[in-house]
Structures are given as C-alpha cells and as structure tokens.
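Colleague: My structure is in query-v4.txt, and what it holds is compact mmCIF, C-alpha atoms:
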```
# COMPACT_ATOMS: atom_id res chain seq x y z
CA MET K 1 25.34 -0.74 -28.90
CA LYS K 2 26.75 1.90 -26.57
CA ARG K 3 24.29 2.65 -23.80
CA LEU K 4 23.71 5.96 -22.02
CA GLU K 5 25.30 4.64 -18.82
CA HIS K 6 28.54 4.00 -20.70
CA SER K 7 28.87 7.63 -21.77
CA PRO K 8 27.50 9.80 -18.95
CA ASP K 9 27.31 13.56 -19.27
CA PRO K 10 30.74 15.06 -18.41
CA ALA K 11 29.00 17.47 -16.02
CA TYR K 12 28.57 14.63 -13.52
CA ALA K 13 32.33 14.29 -13.09
CA ALA K 14 33.36 17.95 -13.37
CA GLY K 15 34.69 19.91 -10.42
CA PRO K 16 33.60 23.31 -9.09
CA PRO K 17 33.35 26.21 -11.55
CA SER K 18 36.59 28.09 -12.15
CA HIS K 19 34.94 31.49 -11.88
CA PRO K 20 31.81 31.06 -9.74
CA LEU K 21 29.02 33.60 -9.83
CA PRO K 22 27.47 34.95 -6.63
CA ILE K 23 24.43 33.04 -5.39
CA VAL K 24 21.23 34.68 -4.18
CA LEU K 25 19.53 32.13 -1.94
CA ILE K 26 15.73 32.44 -1.86
CA GLY K 27 14.35 30.71 1.21
CA ALA K 28 15.92 30.47 4.66
CA GLY K 29 14.39 27.18 5.78
CA GLY K 30 15.89 23.96 7.03
CA ILE K 31 17.14 22.67 3.67
CA ALA K 32 19.04 25.93 3.13
CA ARG K 33 20.66 25.71 6.57
CA ASP K 34 21.38 21.97 6.47
CA ALA K 35 22.44 21.48 2.85
CA HIS K 36 22.61 24.45 0.46
CA LEU K 37 24.80 26.78 2.50
CA PRO K 38 27.09 24.10 4.03
CA ALA K 39 27.69 22.71 0.54
CA TYR K 40 28.46 26.10 -1.00
CA ARG K 41 30.80 27.03 1.83
CA LYS K 42 32.64 23.71 1.52
CA ALA K 43 32.98 24.10 -2.27
CA GLY K 44 33.98 27.75 -2.14
CA LEU K 45 30.88 29.00 -3.97
CA PRO K 46 30.11 32.60 -2.94
CA VAL K 47 26.69 33.43 -1.52
CA ALA K 48 25.80 37.11 -1.89
CA ALA K 49 22.40 37.26 -0.21
CA VAL K 50 19.61 35.45 1.58
CA VAL K 51 15.98 36.27 0.74
CA ASP K 52 13.07 35.33 2.99
CA LEU K 53 9.73 36.87 3.91
CA ASP K 54 10.74 36.43 7.56
CA SER K 55 13.42 39.08 8.11
CA ASP K 56 14.65 37.60 11.39
CA ARG K 57 15.03 34.15 9.86
CA ALA K 58 16.96 35.55 6.90
CA ILE K 59 19.28 37.56 9.14
CA ASP K 60 19.89 34.61 11.46
CA LEU K 61 20.82 32.31 8.58
CA ALA K 62 22.99 34.95 6.90
CA ARG K 63 24.92 35.54 10.11
CA ALA K 64 25.48 31.81 10.60
CA PHE K 65 27.14 31.55 7.18
CA ASP K 66 28.74 34.99 6.88
CA VAL K 67 26.43 36.18 4.11
CA SER K 68 26.55 39.95 3.83
CA SER K 69 23.05 40.86 2.60
CA THR K 70 19.45 39.90 3.32
CA TYR K 71 16.15 40.86 1.70
CA THR K 72 12.50 40.22 2.42
CA ASP K 73 11.31 40.45 -1.18
CA ILE K 74 12.49 39.29 -4.60
CA ALA K 75 12.30 42.75 -6.17
CA SER K 76 14.93 44.18 -3.80
CA ALA K 77 17.27 41.26 -4.43
CA VAL K 78 16.84 41.57 -8.20
CA ALA K 79 17.44 45.33 -8.06
CA ALA K 80 20.75 44.70 -6.28
CA HIS K 81 22.02 41.69 -8.26
CA GLY K 82 20.26 41.64 -11.65
CA THR K 83 21.49 38.91 -14.00
CA ALA K 84 24.99 38.85 -12.48
CA ALA K 85 23.95 36.23 -9.92
CA VAL K 86 22.49 32.72 -9.85
CA TYR K 87 19.14 32.58 -8.04
CA ASP K 88 18.86 29.48 -5.84
CA VAL K 89 15.19 28.87 -5.00
CA ALA K 90 14.96 26.72 -1.86
CA VAL K 91 11.21 26.84 -1.13
CA MET K 92 8.17 24.62 -1.75
CA PRO K 93 6.88 24.35 -5.35
CA ASP K 94 3.74 26.40 -4.62
CA ALA K 95 5.90 29.53 -4.60
CA PHE K 96 7.96 28.80 -7.74
CA ALA K 97 5.72 30.61 -10.23
CA SER K 98 5.57 33.91 -8.36
CA ILE K 99 9.31 33.83 -7.69
CA ILE K 100 10.42 33.15 -11.25
CA HIS K 101 7.96 35.75 -12.52
CA GLY K 102 9.91 38.21 -10.37
CA LEU K 103 13.35 37.28 -11.70
CA PRO K 104 14.95 39.31 -14.48
CA ASP K 105 14.66 37.96 -18.01
CA GLU K 106 17.63 35.77 -19.05
CA ALA K 107 18.65 35.14 -15.45
CA ALA K 108 20.04 31.83 -14.18
CA VAL K 109 17.92 30.00 -11.62
CA GLN K 110 18.00 26.70 -9.79
CA LEU K 111 14.70 25.40 -8.41
CA GLN K 112 14.49 23.00 -5.51
CA LYS K 113 12.92 19.68 -6.47
CA PRO K 114 10.22 18.72 -7.31
CA LEU K 115 9.37 20.74 -10.40
CA GLY K 116 5.78 21.09 -9.19
CA TYR K 117 3.54 18.48 -7.63
CA THR K 118 2.00 17.39 -10.94
CA LEU K 119 3.00 17.31 -14.59
CA ALA K 120 0.52 20.09 -15.32
CA GLN K 121 2.18 22.35 -12.74
CA ALA K 122 5.61 21.48 -14.14
CA ARG K 123 4.49 22.38 -17.66
CA ASP K 124 3.17 25.73 -16.45
CA LEU K 125 6.54 26.47 -14.85
CA ILE K 126 8.40 25.50 -18.02
CA GLU K 127 6.20 27.91 -19.98
CA ILE K 128 7.18 30.80 -17.68
CA ILE K 129 10.85 29.79 -17.87
CA ARG K 130 10.79 29.77 -21.66
CA ARG K 131 8.88 33.03 -21.92
CA LYS K 132 11.44 34.76 -19.69
CA ARG K 133 14.37 33.00 -21.41
CA LEU K 134 15.74 31.81 -18.08
CA THR K 135 18.59 29.33 -17.79
CA ALA K 136 16.84 27.02 -15.36
CA ALA K 137 17.97 23.88 -13.57
CA VAL K 138 16.35 21.72 -10.90
CA ASN K 139 18.19 20.64 -7.77
CA THR K 140 17.93 16.90 -8.39
CA GLN K 141 21.05 16.45 -6.29
CA LEU K 142 21.02 12.68 -5.81
CA ARG K 143 22.55 12.50 -9.29
CA PHE K 144 25.65 14.16 -7.77
CA ALA K 145 25.89 12.30 -4.44
CA PRO K 146 29.50 11.11 -4.00
CA GLN K 147 28.52 7.42 -3.86
CA VAL K 148 26.40 7.80 -6.98
CA ALA K 149 29.17 9.67 -8.82
CA ALA K 150 31.64 6.88 -8.02
CA ALA K 151 29.15 4.20 -9.11
CA ARG K 152 28.49 6.12 -12.33
CA ALA K 153 32.21 6.14 -13.12
CA LEU K 154 32.60 2.42 -12.41
CA ILE K 155 29.65 1.51 -14.63
CA ALA K 156 30.84 3.82 -17.43
CA GLU K 157 34.25 2.17 -17.51
CA GLY K 158 32.64 -1.26 -17.79
CA ALA K 159 33.52 -2.54 -14.31
CA ILE K 160 30.30 -4.58 -14.03
CA GLY K 161 29.70 -5.30 -17.71
CA GLU K 162 26.30 -4.67 -19.29
CA LEU K 163 23.76 -3.17 -16.90
CA VAL K 164 20.79 -5.50 -16.45
CA ASP K 165 19.15 -4.45 -13.18
CA ILE K 166 18.73 -1.34 -11.04
CA GLU K 167 17.15 -1.76 -7.63
CA VAL K 168 16.35 1.02 -5.17
CA LEU K 169 15.27 -0.07 -1.70
CA VAL K 170 14.30 2.41 1.00
CA ARG K 171 12.83 0.95 4.19
CA VAL K 172 13.10 3.52 6.97
CA GLU K 173 11.21 5.44 9.63
CA THR K 174 10.75 8.97 8.35
CA ARG K 175 9.86 11.60 10.91
CA TRP K 176 7.44 13.62 8.82
CA ALA K 177 6.90 16.10 11.65
CA LEU K 178 10.20 17.63 10.51
CA PHE K 179 8.41 18.62 7.28
CA PRO K 180 5.04 20.06 8.34
CA SER K 181 4.28 21.44 4.88
CA VAL K 182 3.77 17.93 3.45
CA PHE K 183 0.73 17.08 5.57
CA GLY K 184 -1.79 18.88 3.37
CA LEU K 185 -0.53 17.62 0.01
CA GLU K 186 -2.82 15.60 -2.26
CA ARG K 187 0.25 13.84 -3.64
CA MET K 188 3.09 13.37 -1.21
CA GLU K 189 5.55 10.48 -1.42
CA MET K 190 6.08 10.46 -5.17
CA PRO K 191 6.85 14.17 -5.72
CA MET K 192 8.45 14.83 -2.34
CA HIS K 193 10.70 11.78 -2.00
CA SER K 194 10.83 8.99 -4.56
CA VAL K 195 11.14 11.55 -7.35
CA HIS K 196 14.84 11.35 -6.41
CA TYR K 197 15.09 7.72 -7.48
CA VAL K 198 13.04 8.02 -10.66
CA ASP K 199 15.25 10.95 -11.64
CA LEU K 200 18.39 9.02 -10.72
CA VAL K 201 17.39 6.07 -12.89
CA ARG K 202 16.69 8.39 -15.82
CA SER K 203 20.15 9.93 -15.43
CA PHE K 204 21.68 6.46 -15.90
CA VAL K 205 19.50 4.74 -18.50
CA GLY K 206 17.16 7.37 -19.90
CA ASP K 207 13.37 7.45 -20.10
CA PRO K 208 11.40 4.26 -19.52
CA SER K 209 8.94 3.06 -22.14
CA GLY K 210 6.28 2.59 -19.48
CA VAL K 211 5.68 2.39 -15.74
CA SER K 212 3.70 0.31 -13.26
CA ALA K 213 3.23 1.63 -9.75
CA VAL K 214 1.34 1.66 -6.49
CA THR K 215 1.46 4.42 -3.88
CA VAL K 216 -0.48 4.25 -0.62
CA GLY K 217 -0.82 5.96 2.72
CA HIS K 218 -0.65 4.51 6.22
CA PRO K 219 -3.85 4.16 8.28
CA GLY K 220 -2.14 5.73 11.27
CA LYS K 221 -0.77 8.81 9.50
CA PRO K 222 -2.54 11.90 8.10
CA LEU K 223 -0.53 11.82 4.86
CA ALA K 224 -1.67 11.14 1.31
CA SER K 225 1.01 8.51 0.72
CA THR K 226 4.07 7.14 2.52
CA ARG K 227 4.92 3.99 0.56
CA THR K 228 5.48 3.55 -3.17
CA GLY K 229 6.57 0.79 -5.51
CA TYR K 230 7.59 1.33 -9.14
CA LEU K 231 8.45 -0.97 -12.01
CA LEU K 232 10.04 0.99 -14.85
CA HIS K 233 9.78 -0.76 -18.21
CA TYR K 234 12.52 -0.55 -20.87
CA ALA K 235 11.06 -2.31 -23.87
CA ASP K 236 14.21 -2.21 -25.99
CA ARG K 237 16.56 -3.98 -23.57
CA PRO K 238 16.62 -6.75 -20.91
CA LEU K 239 16.69 -4.28 -18.02
CA ARG K 240 14.69 -4.57 -14.81
CA VAL K 241 14.23 -1.41 -12.71
CA THR K 242 12.48 -1.51 -9.34
CA ILE K 243 12.04 1.28 -6.81
CA SER K 244 10.53 0.48 -3.41
CA THR K 245 10.07 3.08 -0.68
CA ASN K 246 8.57 2.43 2.75
CA HIS K 247 8.71 5.31 5.24
CA ASP K 248 6.70 3.42 7.88
CA HIS K 249 9.30 0.95 9.18
CA THR K 250 8.96 1.90 12.85
CA PHE K 251 10.37 -1.33 14.21
CA GLY K 252 13.94 -0.33 14.95
CA PRO K 253 17.07 0.08 12.84
CA GLU K 254 18.02 -3.60 12.45
CA HIS K 255 16.20 -4.12 9.15
CA GLN K 256 16.13 -0.61 7.80
CA ALA K 257 17.61 -0.12 4.33
CA SER K 258 18.59 2.75 2.09
CA ALA K 259 20.46 1.57 -0.96
CA VAL K 260 20.80 1.57 -4.73
CA ILE K 261 22.17 -1.56 -6.41
CA TRP K 262 23.29 -1.70 -10.03
CA HIS K 263 23.62 -5.28 -11.32
CA GLY K 264 25.63 -6.02 -14.44
CA THR K 265 26.54 -9.10 -16.43
CA ASP K 266 29.99 -9.17 -14.78
CA GLY K 267 29.40 -7.71 -11.32
CA ALA K 268 27.43 -5.29 -9.18
CA VAL K 269 27.76 -1.98 -7.35
CA ARG K 270 25.88 -1.14 -4.15
CA ALA K 271 25.61 2.36 -2.72
CA GLN K 272 24.28 2.76 0.82
CA LEU K 273 22.74 6.19 1.31
CA GLY K 274 23.30 6.67 5.01
CA LEU K 275 21.44 9.98 5.14
CA LEU K 276 18.05 8.25 5.34
CA LEU K 277 19.08 5.93 8.16
CA ASP K 278 18.01 7.94 11.22
CA TYR K 279 17.44 11.18 9.29
CA PRO K 280 18.57 13.93 9.81
CA ARG K 281 21.58 12.59 11.74
CA GLY K 282 22.08 9.81 9.23
CA GLY K 283 23.98 6.56 9.29
CA PRO K 284 27.09 5.37 7.47
CA ASP K 285 27.57 5.84 3.75
CA ARG K 286 29.12 2.99 1.86
CA LEU K 287 29.99 1.96 -1.69
CA GLU K 288 30.72 -1.67 -2.51
CA LEU K 289 31.78 -3.43 -5.70
CA THR K 290 31.85 -7.08 -6.68
CA THR K 291 33.00 -8.74 -9.88
CA GLY K 292 32.16 -12.22 -8.67
CA ASP K 293 34.99 -12.68 -6.17
CA GLY K 294 33.39 -11.17 -3.08
CA TRP K 295 32.37 -7.63 -2.19
CA ARG K 296 34.95 -4.96 -1.48
CA ASP K 297 34.58 -1.40 -0.26
CA VAL K 298 35.31 1.49 -2.60
CA ALA K 299 36.65 4.59 -0.86
CA VAL K 300 34.43 7.64 -1.37
CA GLU K 301 34.63 11.02 0.34
CA GLY K 302 31.56 13.03 1.26
CA SER K 303 27.84 12.33 1.54
CA TRP K 304 24.55 13.08 -0.23
CA PHE K 305 23.92 15.98 2.18
CA PRO K 306 25.53 18.43 1.80
CA ASP K 307 28.07 17.55 -0.90
CA ALA K 308 25.64 16.77 -3.74
CA PHE K 309 24.21 20.29 -3.54
CA ALA K 310 27.53 21.72 -4.68
CA GLY K 311 27.35 19.39 -7.68
CA THR K 312 24.02 20.66 -8.97
CA MET K 313 24.92 24.31 -8.42
CA GLY K 314 28.36 23.78 -9.94
CA ALA K 315 26.86 22.20 -13.06
CA LEU K 316 24.52 25.14 -13.55
CA GLN K 317 27.26 27.70 -12.99
CA ARG K 318 29.67 26.04 -15.42
CA TYR K 319 26.94 26.01 -18.05
CA VAL K 320 26.04 29.66 -17.49
CA THR K 321 29.66 30.81 -17.72
CA GLY K 322 30.39 28.68 -20.79
CA GLU K 323 32.78 26.35 -19.00
CA SER K 324 30.46 23.43 -19.81
CA SER K 325 28.40 22.80 -22.92
CA SER K 326 25.70 20.72 -21.20
CA LEU K 327 23.27 21.03 -18.32
CA PRO K 328 21.96 17.56 -17.40
CA THR K 329 19.68 18.90 -14.65
CA SER K 330 17.95 21.45 -16.90
CA ALA K 331 14.29 22.11 -16.17
CA ASP K 332 13.46 20.68 -19.59
CA ASP K 333 15.15 17.39 -18.69
CA VAL K 334 13.53 17.17 -15.25
CA LEU K 335 10.16 17.76 -16.91
CA ARG K 336 10.62 14.20 -18.23
CA THR K 337 11.07 12.96 -14.65
CA MET K 338 7.76 14.63 -13.82
CA ALA K 339 6.17 12.87 -16.80
CA VAL K 340 7.25 9.50 -15.40
CA LEU K 341 5.84 10.45 -11.98
CA GLU K 342 2.55 11.42 -13.58
CA ALA K 343 2.36 8.08 -15.38
CA ALA K 344 3.17 6.29 -12.11
CA HIS K 345 0.45 8.18 -10.27
CA GLU K 346 -2.08 7.29 -12.97
CA ALA K 347 -0.94 3.65 -12.94
CA SER K 348 -1.49 3.48 -9.19
CA ARG K 349 -4.90 5.12 -9.46
CA ALA K 350 -5.91 2.62 -12.16
CA GLY K 351 -5.26 -0.23 -9.74
CA GLY K 352 -3.17 -2.41 -12.02
CA HIS K 353 -4.15 -4.66 -14.88
CA PRO K 354 -7.37 -6.53 -14.10
CA ILE K 355 -7.05 -10.25 -13.42
CA PRO K 356 -8.90 -12.35 -16.03
CA ASP K 357 -11.62 -14.78 -15.05
CA SER K 358 -10.31 -18.24 -14.26
```
Before we go any further, please render this structure as structure tokens.
Modeller:
Amino acid sequence: MKRLEHSPDPAYAAGPPSHPLPIVLIGAGGIARDAHLPAYRKAGLPVAAVVDLDSDRAIDLARAFDVSSTYTDIASAVAAHGTAAVYDVAVMPDAFASIIHGLPDEAAVQLQKPLGYTLAQARDLIEIIRRKRLTAAVNTQLRFAPQVAAARALIAEGAIGELVDIEVLVRVETRWALFPSVFGLERMEMPMHSVHYVDLVRSFVGDPSGVSAVTVGHPGKPLASTRTGYLLHYADRPLRVTISTNHDHTFGPEHQASAVIWHGTDGAVRAQLGLLLDYPRGGPDRLELTTGDGWRDVAVEGSWFPDAFAGTMGALQRYVTGESSSLPTSADDVLRTMAVLEAAHEASRAGGHPIPDS
C-alpha cells in the first residue's frame, strides 16, 4: 500500500510563486524581524506594509527592510490594500480573532502558529475564517525547513525503504526571557514549541490513531511546562513515533540535541536542526543518510530560520493565485494538529494508564 510519505503534497517541493502578491505584515516583533522579512527579501516576495500598534516599532522595522508603508491599525491597512494582498499575521494567538474580524471577506491570510492555545480556541478561529470565506493558512514552517524538505524527498523516492520509526529529540537550554509573553500561559510548551514536531509528523504520516503524553514544568522556572514527551500511536501500521523535548538542559552544549530521525527498513535519515542549539544564534545544520553502509552527509542549502518562512508564504500565494491546487498548511489541516495537542494535554492530565495491583 502506498503511504502518505511516498506521495507528499507537491507544494512542499515547489519554488516561489511566479507572480507574488504584496504582503501586509501584521506585527513588528522579533519573529518578523528575524524570520518573516529576511525570508521574504531572500525569496523576492514583495512586502507592501508593516502594521503595528507601536508606530515607532513599525517604522523602524519598515526602514530596516525597505518597506514603503506602515499603519497602526488594521482598518487603515485594509482600506489601502483590500483583497489584493496577503495578510501575514505575526502576533500571539490572543489577537488572532480581532485581526481576522477586521480583514476583508475573501482575503488571504497566514496566521503565525499556534492556531490558538487550545482546540476550543482553534475551532472558534476556524468558524470566523469560514464565515468570512478567508483563504487561511498557518505558518507551520518546520514542514518547509530545507533539511526537512530534503529528507521528505529522500523518503518519497524510497531511499530508506518503508518508514517504521520517527524520532524527534530536543534537549537544549532555551532562554525563555527572550519570549516574555509565554510566562503567563496556562499551556506553554505544547502549543508554543512542540506543536512544530506534532505538525511535522502529521505532514509525513497523517493523523495518529491515539496519543500518550506527559508535559511538566521545572521547579526553578515560572512556566507552566518546559518538557514534554509524546508517543503517537498508528494502529494500522508498525510505526513508532516519539517526540521528546527538554528545554532545561542547562549543563553545557556537549550533550544538547536537536534532531529528527526517520528510520526505514533499508536505511535512515537524520536532520540536525541547528537553530535550537544556542538559540537565537544557532549551531550547525546537518542532514545525514545511511543505507546500511555508514552515514554520509547530504548537501542542503539554507536553514529553518529564515528560509522555511518563504516556503509557507509561497505555498499560500501559489494556492491563492491558482498556480497550485493544494494548500497543505491550510487552517483546516492545522486544526487537526491542534486536535492531537488537545488529546496529548488530556493524556498528560490523566496521568497515564493506572498500574494494576500486583
């Protein structure tokens, strides 16, 4: 039987749109400066405006990237650009509902991940999107990271045989002070970080049939959770999927890890995601392949940040302009990622299956 990973969506391998639409960037924070705008400039995607409540911040970012217009409110941006632009929402999920309410009906919009903090919030957003007939995507950019794209191609062509195991291992020291908005969240690690890996797994092998999980905080940190472990169950195939994230490895770089490994019946592919090693400076990216005769490096250009951000925006733009017939990062698809996260949260809260009396 042909599996999903053997016939990935063509959007994952497509290049930039032939006739890109102007982008209206909503939010002038760090992710916009470090990833969105560098990626769009590198890919030749035009940015028409920056919108932020802080006028000085919007002007400063616009000047740094030669963007001609700035606004302090959505209404002014919509009045100027209407449905002829793609709205790129680079803010925290709390603001999504008010922003998309302010967009014109039938507009194209890309929301920063996650699609809400909970499944209920995600469903509410989907309801607004459908009511306004928006073409909406979510910036689940790890799907488009260069190392992931190369691994996806290798697996699709059968380089490692039948996929039997996916392992994500993140063991790093994350400097949460760089993200002050996360300190008050009731749910933190799952929606704000490991959502990337759950979403990535879904993009390769589809929805799991069930999930086991544990997510916990650290006694020395005022955060709801900083470490998570998932087991994703696929009842119809002999596939093991594990995701382990530990943001509390404060004992030096020697044993830090940030990798995804795909094991097959005939080989394996390992992608090292250097971004998380000493974030935000990052460490080396690497892609390795083995077919049983030793590991060898596979040459890959680019990195998760910023290059993957051009992939998600490019996929949305090609779909909007009719150049592509599919949108793998649609809000409807990412709603399923949020459903897996919700199940994982509930599994952790339940405390696992009780141990029977001996």
Colleague: Sorted by chain and rising residue number, which residues of segment 253-319 of chain K lie within 7 Å of segment 122-143 of chain K, and what are their closest atom pairs and distances in Å to one decimal, counting only C-alpha atoms, as a tab-separated table?
Modeller:
```
residue	atom	partner	partner_atom	distance
K:Trp304	CA	K:Leu142	CA	6.6
K:Ala308	CA	K:Gln141	CA	5.3
K:Phe309	CA	K:Gln141	CA	5.7
K:Thr312	CA	K:Gln141	CA	5.8
K:Leu316	CA	K:Ala137	CA	6.7
```
Colleague: Take atom CA of Glu254 of chain K and atom CA of Val170 of chain K and report the distance between them in Å, one decimal.
Modeller: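 Result for atom CA of Glu254 of chain K versus atom CA of Val170 of chain K: 13.5 Å, one decimal.
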Colleague: Got a sec: who's within 10 Å of Pro93 of chain K, counting all atoms listed in the file, leaving out chain neighbours fewer than 6 positions off, as a list of chain:residue names?
Modeller: K:Leu111, K:Gln112, K:Lys113, K:Pro114, K:Leu115, K:Gly116, K:Tyr117, K:Gln121, K:Ala122, K:Leu125
Colleague: Which residues of segment 81-188 of chain K have any atom within 12 Å of an atom in segment 230-237 of chain K when counting only C-alpha atoms, and what is the closest pair of atoms for each, with the distance in Å to one decimal? Order the rows by chain and rising number and write it as JSON lines.
Modeller:
```
{"residue": "K:Glu162", "atom": "CA", "partner": "K:Arg237", "partner_atom": "CA", "distance": 10.7}
{"residue": "K:Leu163", "atom": "CA", "partner": "K:Arg237", "partner_atom": "CA", "distance": 9.8}
{"residue": "K:Val164", "atom": "CA", "partner": "K:Arg237", "partner_atom": "CA", "distance": 8.4}
{"residue": "K:Asp165", "atom": "CA", "partner": "K:Arg237", "partner_atom": "CA", "distance": 10.7}
{"residue": "K:Ile166", "atom": "CA", "partner": "K:Leu232", "partner_atom": "CA", "distance": 9.8}
{"residue": "K:Glu167", "atom": "CA", "partner": "K:Leu231", "partner_atom": "CA", "distance": 9.8}
{"residue": "K:Val168", "atom": "CA", "partner": "K:Tyr230", "partner_atom": "CA", "distance": 9.6}
{"residue": "K:Leu169", "atom": "CA", "partner": "K:Tyr230", "partner_atom": "CA", "distance": 10.8}
```
Colleague: Hey, which bits of segment 166-230 of chain K sit within 6 Å of segment 332-355 of chain K, and for each residue what's the closest pair of atoms and how far apart in Å (one decimal), counting only C-alpha atoms, rows by chain and increasing number, as a Markdown table?
Modeller:
```
| residue | atom | partner | partner_atom | distance |
| --- | --- | --- | --- | --- |
| K:Asp199 | CA | K:Thr337 | CA | 5.5 |
| K:Val211 | CA | K:Ala344 | CA | 5.9 |
| K:Ser212 | CA | K:Ala347 | CA | 5.7 |
| K:Ala213 | CA | K:Ser348 | CA | 5.1 |
| K:Val214 | CA | K:Ser348 | CA | 4.3 |
```
Colleague: Write out as a list in words which residues come within 10 Å of Arg296 of chain K when counting all atoms listed in the file, dropping same-chain ones fewer than 5 positions away.
Modeller: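 The residues satisfying every condition are Val269, Leu287, Glu288, Leu289, Thr290 and Thr291 of chain K.
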Colleague: I'd like the interatomic distance between atom CA of Ser7 of chain K and atom CA of Ser203 of chain K, to a tenth of an Å.
Modeller: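 Value for the atom CA of Ser7 of chain K-atom CA of Ser203 of chain K distance: 11.0 Å.
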Colleague: My list of candidates is K:Thr215, K:Ser326, K:Thr174, K:Ser303. Which is closest to Phe251 of chain K when distances are computed with all atoms listed in the file?
Modeller: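 Using all atoms listed in the file, Phe251 of chain K sits closest to K:Thr174.
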Colleague: Write out as a ChimeraX atom specification which residues come within 10 Å of Glu323 of chain K when counting only C-alpha atoms, dropping same-chain ones fewer than 5 positions away.
Modeller: /K:17-19,315-318
Colleague: Mind pulling up the distance from atom CA of Phe179 of chain K to atom CA of Val91 of chain K?
Modeller: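 Straight-line distance from atom CA of Val91 of chain K to atom CA of Phe179 of chain K works out to 12.1 Å.
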Colleague: Choose the residue, out of K:Tyr71, K:Tyr319, K:Phe144, K:Tyr87, that has the smallest atom-to-atom separation from Pro104 of chain K; count only C-alpha atoms.
Modeller: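 With only C-alpha atoms as the atom set, the closest residue is K:Tyr87.
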Colleague: Applying 9 Å and only C-alpha atoms, which residues near segment 72-75 of chain K remain after dropping the ones on its own chain fewer than 3 positions away? List them as a list in words.
Modeller: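 What passes the distance filter is Ile26, Val50, Val51, Asp52, Leu53, Asp54, Ser55, Ala58, Val78, Ala79, Ala80, Ile99, Gly102 and Leu103 of chain K.
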Colleague: With all atoms listed in the file as the basis for distance, which of K:Ala32, K:Met92, K:Ala149, K:Ala84 is at the shortest distance from Asp105 of chain K?
Modeller: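 Answer, going by the shortest atom-to-atom distance: K:Ala84.
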Colleague: For segment 157-160 of chain K, work out the shell of residues within 7 Å, counting all atoms listed in the file and skipping chain neighbours fewer than 6 positions away, then give it as a compact mmCIF listing (two decimals) with C-alpha atoms, in the frame of the given file.
Modeller:
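Written output follows (around_24.txt):
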```txt
# COMPACT_ATOMS: atom_id res chain seq x y z
CA HIS K 6 28.54 4.00 -20.70
CA GLY K 264 25.63 -6.02 -14.44
CA THR K 265 26.54 -9.10 -16.43
CA ASP K 266 29.99 -9.17 -14.78
CA GLY K 267 29.40 -7.71 -11.32
CA ALA K 268 27.43 -5.29 -9.18
CA THR K 291 33.00 -8.74 -9.88
```
Colleague: Of the candidates K:Glu189, K:Thr329, K:Pro306, K:Gly15, which one gets nearest to Arg33 of chain K if we count only C-alpha atoms?
Modeller: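 Among K:Glu189, K:Thr329, K:Pro306, K:Gly15, it is K:Pro306 that comes nearest to Arg33 of chain K.
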Colleague: Between K:Ala224, K:Ala43, K:Val298, K:Ala150, which is the closest to Met192 of chain K once you count only C-alpha atoms?
Modeller: K:Ala224
Colleague: Determine the nearest neighbour of Asp9 of chain K from the options K:Pro38, K:Gly206, K:Pro46, K:Gly252, counting only C-alpha atoms.
Modeller: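 Selected residue with least distance to Asp9 of chain K: K:Gly206.
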